[in-house]
Protein chains: 2
Amino acid sequence: MKNSLVGIGVLLGALYAGGAYAVEGKWTPEQLLEHDPQWLRDQGLQLPAGELWSRDGAGLLEAVVKVDGCSAGIVSAAGLVITNHHCAFGILQKHSTPERDLITHGFLAASRAEELPGEGTRATVPHRVSDVTAEILAAVPPGADDLARHRAIERRQKELVAACEAQPHRRCEVAAFDGGVRYLRFENLEYPDLRLVYAPPRAVGEYGGEVDNWSWPRHTGDFALLRIYAGPDGQPAPRAAANVPYQPRHFFPVAKQGVEPGDFVMLAGYPGTTFRSLTAAEMRERAELFFPRRAALYRAWIDRMEAAAARDSGARIALADRIKGLANREKNDRGQLAGIARGRLLDQKEAAEREVLAWAQARPDQQAAVAAQGELARLVTTQRATWEHDFLLDQMRSGPRPLDLALTLVRWAGERAKPDLEREPEYQERNRERLAERVRLDQKRMHLPTEEALLADFLARLAALPPQQAVPAVTELLGGAKDQEGIAAVAHRLLAGSRVADLDERMKMFDEPEAALRARKDPLLDFAFALDRELLRLKEQDDRHKGAISRLRPAWRRAVIAHAGKPVAPDANGTLRVSLAHVQGYSPRDGVEMQPQTTVSGVVEKHTGEEPFNAPAELLRAAPKAPRSRWADPRLKDVPVNFLADADTTGGNSGSPVLNGRGELVGVNFDRVWENVANDFGYDPQVARNVSVDTRYLFWILDTLHGEAARGLFREMGIDRP
Amino acid sequence: MKNSLVGIGVLLGALYAGGAYAVEGKWTPEQLLEHDPQWLRDQGLQLPAGELWSRDGAGLLEAVVKVDGCSAGIVSAAGLVITNHHCAFGILQKHSTPERDLITHGFLAASRAEELPGEGTRATVPHRVSDVTAEILAAVPPGADDLARHRAIERRQKELVAACEAQPHRRCEVAAFDGGVRYLRFENLEYPDLRLVYAPPRAVGEYGGEVDNWSWPRHTGDFALLRIYAGPDGQPAPRAAANVPYQPRHFFPVAKQGVEPGDFVMLAGYPGTTFRSLTAAEMRERAELFFPRRAALYRAWIDRMEAAAARDSGARIALADRIKGLANREKNDRGQLAGIARGRLLDQKEAAEREVLAWAQARPDQQAAVAAQGELARLVTTQRATWEHDFLLDQMRSGPRPLDLALTLVRWAGERAKPDLEREPEYQERNRERLAERVRLDQKRMHLPTEEALLADFLARLAALPPQQAVPAVTELLGGAKDQEGIAAVAHRLLAGSRVADLDERMKMFDEPEAALRARKDPLLDFAFALDRELLRLKEQDDRHKGAISRLRPAWRRAVIAHAGKPVAPDANGTLRVSLAHVQGYSPRDGVEMQPQTTVSGVVEKHTGEEPFNAPAELLRAAPKAPRSRWADPRLKDVPVNFLADADTTGGNSGSPVLNGRGELVGVNFDRVWENVANDFGYDPQVARNVSVDTRYLFWILDTLHGEAARGLFREMGIDRP
């Protein structure tokens, strides 16, 4: 027996050694077409790449949609969309009241008529992509400085977007790849009538909560179903009674068979931002300043919000998604720091950079890259002089809501006075409606006593800046008040005297020109006007910096790619990407092996009866029968819950459909493991693992918690309920 | 590839399913002889059981010795003994000063002459065992009540011990099995001259410290080497220059080949106390009162001691072993609670008990058992009335040292006035020397400002008891002082006015009769005299309870064993036991698989440069070469550090030699995993895992940190250094 065990150990070791499967790369759909078809087949892709995507954007990947900051996948011919529970959380929150608490109890529409409007939430469906690099670069006048350079590029981007959106129902964007190596224009169709079909109870959809967030083993039913509605003509249309379910050109059929360890999976979505193209000096700024400072700031704010939520159920509902959002970023920041330290990523980055630099220095055609690398490093040094000041002002929008709203109103009034193409992109007419929505919907996300505490905290932080970084508007506002009590009194006076937090009044303000806003003598608006001067100064500084980056990064990046001598996926930038992966576990540390799948019995095992481990009673009752249910995995002898794969993901990939080699849905991505958070800086095959919820858990939950009521959904997804 | 992976998964599952190897039982050596020899061979034992032990006690297990509260194994013909670093910690502490900090730096004797005396530490070698059940039970007079019953049994035990110790060099004890089902007399040889040969630096021997204690994966070099010295005639003798290394009849040769997953191992030692024979009601008292209360009390004391240790290196050294001891028990208490909750052990125990009870109720010959079970439950109820009072008084000896010393002096004076056989066992003449030693050596374990803080804390707890449980001596002492400051002033007055903490004075007190102690008017002694009245009352209550237990437990226990219908190992009671086990990992929870071995690269992985993860620089330098060293495991491709097996162990098994099927040393046991702490209440094959240090790590450390200087030790253990 001993010998056979050893034999198996050796064999397993050989199969898995060094994460044999791991493939780095958030590939653009175009890059899929450039890969060797045989290599794609070897990975496990059974469809020709051309069925996924064609040069003009037609293909199965059209079924990958963007929903707010998340990814999602169309899974029926009637526009049914699967994404994460945490991506649909905002809709649940908007429809929840202490009396009808959908956050806690979840929601299943009894019929299509009952599906809940996702006010302000839109589905963006990819349609066409074109390379606009030449047009963008041609816009930069000869001899332009960095500020002029940035403004010229931004203007040309706006023009290209405007031309694209002149067509009906289009939502377009121009995205820079690796700082400007390439610019692509994405022409999307935007469906503003998106409705909630199903969300599980929070105790399923958020099982494990912040405790388990970014970790493994995981037992979270992080799924939700939405439906895209279109006008009777099938085109995007605002919410209306006459609207009908959207009929997509493509959707992902649900796989009849679930995943197993070793299986190929493909993950498609809209990853937000990664930092792999940063230089070592830029990465050091993230590691030494940005992540630690932001984690500390958010922790302080979360603590205040959680204290309020614990006292008051109104506050709990109002603050829920802000707490979730901040906590998620705070834990991410700590994960980045832990991962950077653990993987000695700074040292690695520096070593790799030295290598490319030495290579480039020896090549006459790479001298621009050498110079760019030096200049990028100097930019970081320059930024350090006012780093704390700039950081705090940047974070202002994540703190007290009324201040953010006042700043939005003030800037909106200012920008509105300009011709559309001269405005900042987010204040262009094309964004008026969503800006108004946000200004309106924030009403449900405010809790005034907490806003006041956050404002006082924020003012105190600004007041504590060193004299040479002091913010004049704050100095003037505080008038010498330096102690906690004095600052709190100022915060109270600002909010008590302001009408910004009054919904009707605020919506009036939204339509008022600057003079009218000033005439109100609203203390919070007045403070926002004073602060906005500083913010505009900061914006100019940022624009100049962006201009420099657009000039320097591509030069350096081209050298890095040339030195690599093989295809390199660009940094994530919120555009559609595909990652090729395999289901597999990992070893987080010596002596521990994480299994690639978890099961319903693990949900029961974690149940304590207290948040965040308070599984529904029906689930606990049904769990012992799970092994005999039709959703059980024969190998696991239980219903699978979550699984790991080595996909290359980041924030924004939440809700990404996970597909098998035939393009069928097997899961929904929702997280990364803790050891993989710093993945944003570099892909480590040993620990690069994303976390998905298995579709079989969705079906078991639908069956267990909702029974007959879910029959329509099963039928729609082509599944015969037993 | 997929299919072969699945096939392997299934195969592994089948091999390991349900902890296929697991064998519950801390077997007495006699029980080894009762097992079916073929079954023992099937387990993996290659020696005949008779070579391990014979009816008169002769055999290889003679090489398993007791060192203070630990187990240890003789590993050379010259009396070399291997045990845990934490078992030799007291010796290191006694020889450490801030200038010569052996705790931090470790110790390797350059020659036998340099070996450090382990003052007060003795090696107890097993010699002979006899069944004295009949003699004990015959001592109980007919119609005796429980108090008389206990006193008669205790007296007969003392007589049997005295008769045994009338032979030279004997140290004897009479132990009850399962509350009195059997009584055995153990005749041991006690060697008072035991010396420290080797202890690694604390950063190896205690790597991971309290953070890793009771957990896995583990990377602790928890080993130390001692040597037993004998008089020139080979018999036990007090420390003397003429003494020579002890020549044992048996010792454990070091295995030439290390362990692998699946290997049989056998673990021998002196497990202290388990609670498997408790009734459900008794177990509930442990779970609901004892463990939570003790954990909270020790946590408070540890916090005070750690605060002092952080401020002052003298305090750090003085308090080190007390902090370790309390912290170990505190974490154990929490582990028991977690394990009892996790395994729903109370429910299980109640269900099992109901089954035995129903079985017994139906049998006329089991009516005594039925009655005993009921009475045992009622005893628990009775105890609850004064539980908090009794608990605090019981814990008194673990708190401020000077109070414990004063109580010892007072009781010793009282007991000394009685004939020897009428004294409490620990105050008999046979214990005079070790009592004096403890009273003397405690001088190094005191830190007066901390003692004062602990005393004030303890008085405050006593003062807070409900009125009906108030301790008169405390009420009188405090004279109405109830607030923190008032109580602190009393504590200060007691200690400042007392000479108990003065070594010379205390040793005089040790020889003074009660009248002389009283004449001193020492405030701490006076308080101890007052308190001792309460303690003696409590002792009488305890003795009565013990009498009841000796009457009831055996009746119930015999029913449990008869109902089981197979051999049942008795609860641990500090006597020699053997556990049969196999090297294997475990799954602590869904999705996680613990590997059964850790490696040197895991030590490096955990290194942070800060306690308790501050590996020595030489270790870190040598680690990359470990895979090529002769101590590397070919399968792991690294030097193994710790390993798991499913041995049935508890406290007292620390330092137990771990042997292969040929009786050769492969490791030293030092801990259990967290999920297995509640093992004291029941053996769960899924998580019953003990943690041992692999002898190959000892050798690699000796080689790496000490090189040439360790050559003699290698030779002595029969290992050719490369």
# chains A, B, ... in the order shown; residues from 1 in each chain; ligands from 1

$ residues_around --residues "stretch 490-501 of chain A" --least-positions-apart "3" --cutoff "7 Å" --atoms "only C-alpha atoms" --output "MDAnalysis selection string"
chainID A and resid 402 406 452 455:456 478 486:487 505:506 522:524

$ interface_residues --of "chain B" --to "chain A" --cutoff "6 Å" --atoms "only C-alpha atoms" --output "list in words"
Lys2, Pro217, Gly262, Asp590, Gly591, Val592, Glu593, Met594, Gln595, Thr598 and Gly602 of chain B

$ residues_around --residues "A:Gln468" --least-positions-apart "6" --cutoff "12 Å" --atoms "only C-alpha atoms" --output "list of chain:residue names"
A:Ala385, A:Thr386, A:Trp387, A:Glu388, A:His389

$ write_last_selection --atoms "N, CA and C atoms" --output "short mmCIF file (atom, residue, chain, number, x, y, z; two decimals), in the first residue's frame"
data_model
loop_
_atom_site.label_atom_id
_atom_site.label_comp_id
_atom_site.auth_asym_id
_atom_site.auth_seq_id
_atom_site.Cartn_x
_atom_site.Cartn_y
_atom_site.Cartn_z
N ALA A 385 6.01 64.81 -3.93
CA ALA A 385 6.06 66.06 -3.15
C ALA A 385 4.68 66.43 -2.60
N THR A 386 3.64 66.18 -3.37
CA THR A 386 2.29 66.55 -2.90
C THR A 386 1.39 65.32 -2.81
N TRP A 387 2.00 64.18 -2.58
CA TRP A 387 1.27 62.92 -2.66
C TRP A 387 0.08 62.87 -1.70
N GLU A 388 0.31 63.23 -0.43
CA GLU A 388 -0.75 63.07 0.58
C GLU A 388 -1.94 63.97 0.25
N HIS A 389 -1.64 65.18 -0.18
CA HIS A 389 -2.67 66.15 -0.57
C HIS A 389 -3.49 65.60 -1.74
#

$ residues_around --residues "A:Ala123" --least-positions-apart "3" --cutoff "8 Å" --atoms "only C-alpha atoms" --output "PyMOL selection string"
chain A and resi 65-68+190-194+228

$ closest_residue --among "A:Ala453, A:Met507, A:Ala562, A:Val370" --to "A:Ala488" --atoms "only C-alpha atoms"
A:Ala453

$ closest_residue --among "A:Ala626, A:Met396, A:Ala327, A:Ala413" --to "A:Asp457" --atoms "only C-alpha atoms"
A:Met396

$ select_by_dssp --residues "stretch 178-389 of chain B" --states "alpha helix (DSSP H)" --output "ChimeraX atom specification"
/B:202-205,209-212,280-285,291-311,313-342,345-361,367-384,387-389

$ residues_around --residues "B:Phe107" --least-positions-apart "6" --cutoff "8 Å" --atoms "only C-alpha atoms" --output "ChimeraX atom specification"
/B:197-201

$ residues_around --residues "A:Val677" --least-positions-apart "4" --cutoff "9 Å" --atoms "only C-alpha atoms" --output "count of residues only"
14

$ select_by_dssp --residues "stretch 341-581 of chain B" --states "strand (DSSP E or B)" --output "short mmCIF file (atom, residue, chain, number, x, y, z; two decimals) with N, CA, C and O atoms, in the first residue's frame"
data_model
loop_
_atom_site.label_atom_id
_atom_site.label_comp_id
_atom_site.auth_asym_id
_atom_site.auth_seq_id
_atom_site.Cartn_x
_atom_site.Cartn_y
_atom_site.Cartn_z
N ARG B 577 1.72 4.58 28.03
CA ARG B 577 0.78 4.11 27.03
C ARG B 577 1.45 4.08 25.66
O ARG B 577 2.41 4.82 25.40
N VAL B 578 0.87 3.29 24.79
CA VAL B 578 1.37 3.19 23.42
C VAL B 578 0.21 3.42 22.46
O VAL B 578 -0.88 2.89 22.68
N SER B 579 0.45 4.22 21.44
CA SER B 579 -0.57 4.44 20.41
C SER B 579 -0.03 3.94 19.09
O SER B 579 1.12 4.18 18.75
N LEU B 580 -0.88 3.24 18.35
CA LEU B 580 -0.50 2.71 17.03
C LEU B 580 -1.09 3.61 15.97
O LEU B 580 -2.30 3.91 16.02
N ALA B 581 -0.29 4.05 15.04
CA ALA B 581 -0.78 5.08 14.13
C ALA B 581 -0.14 4.96 12.76
O ALA B 581 0.70 4.09 12.52
#

$ closest_residue --among "B:Leu60, B:Arg185, B:Ala237, B:Leu407" --to "B:Pro48" --atoms "only C-alpha atoms"
B:Leu60
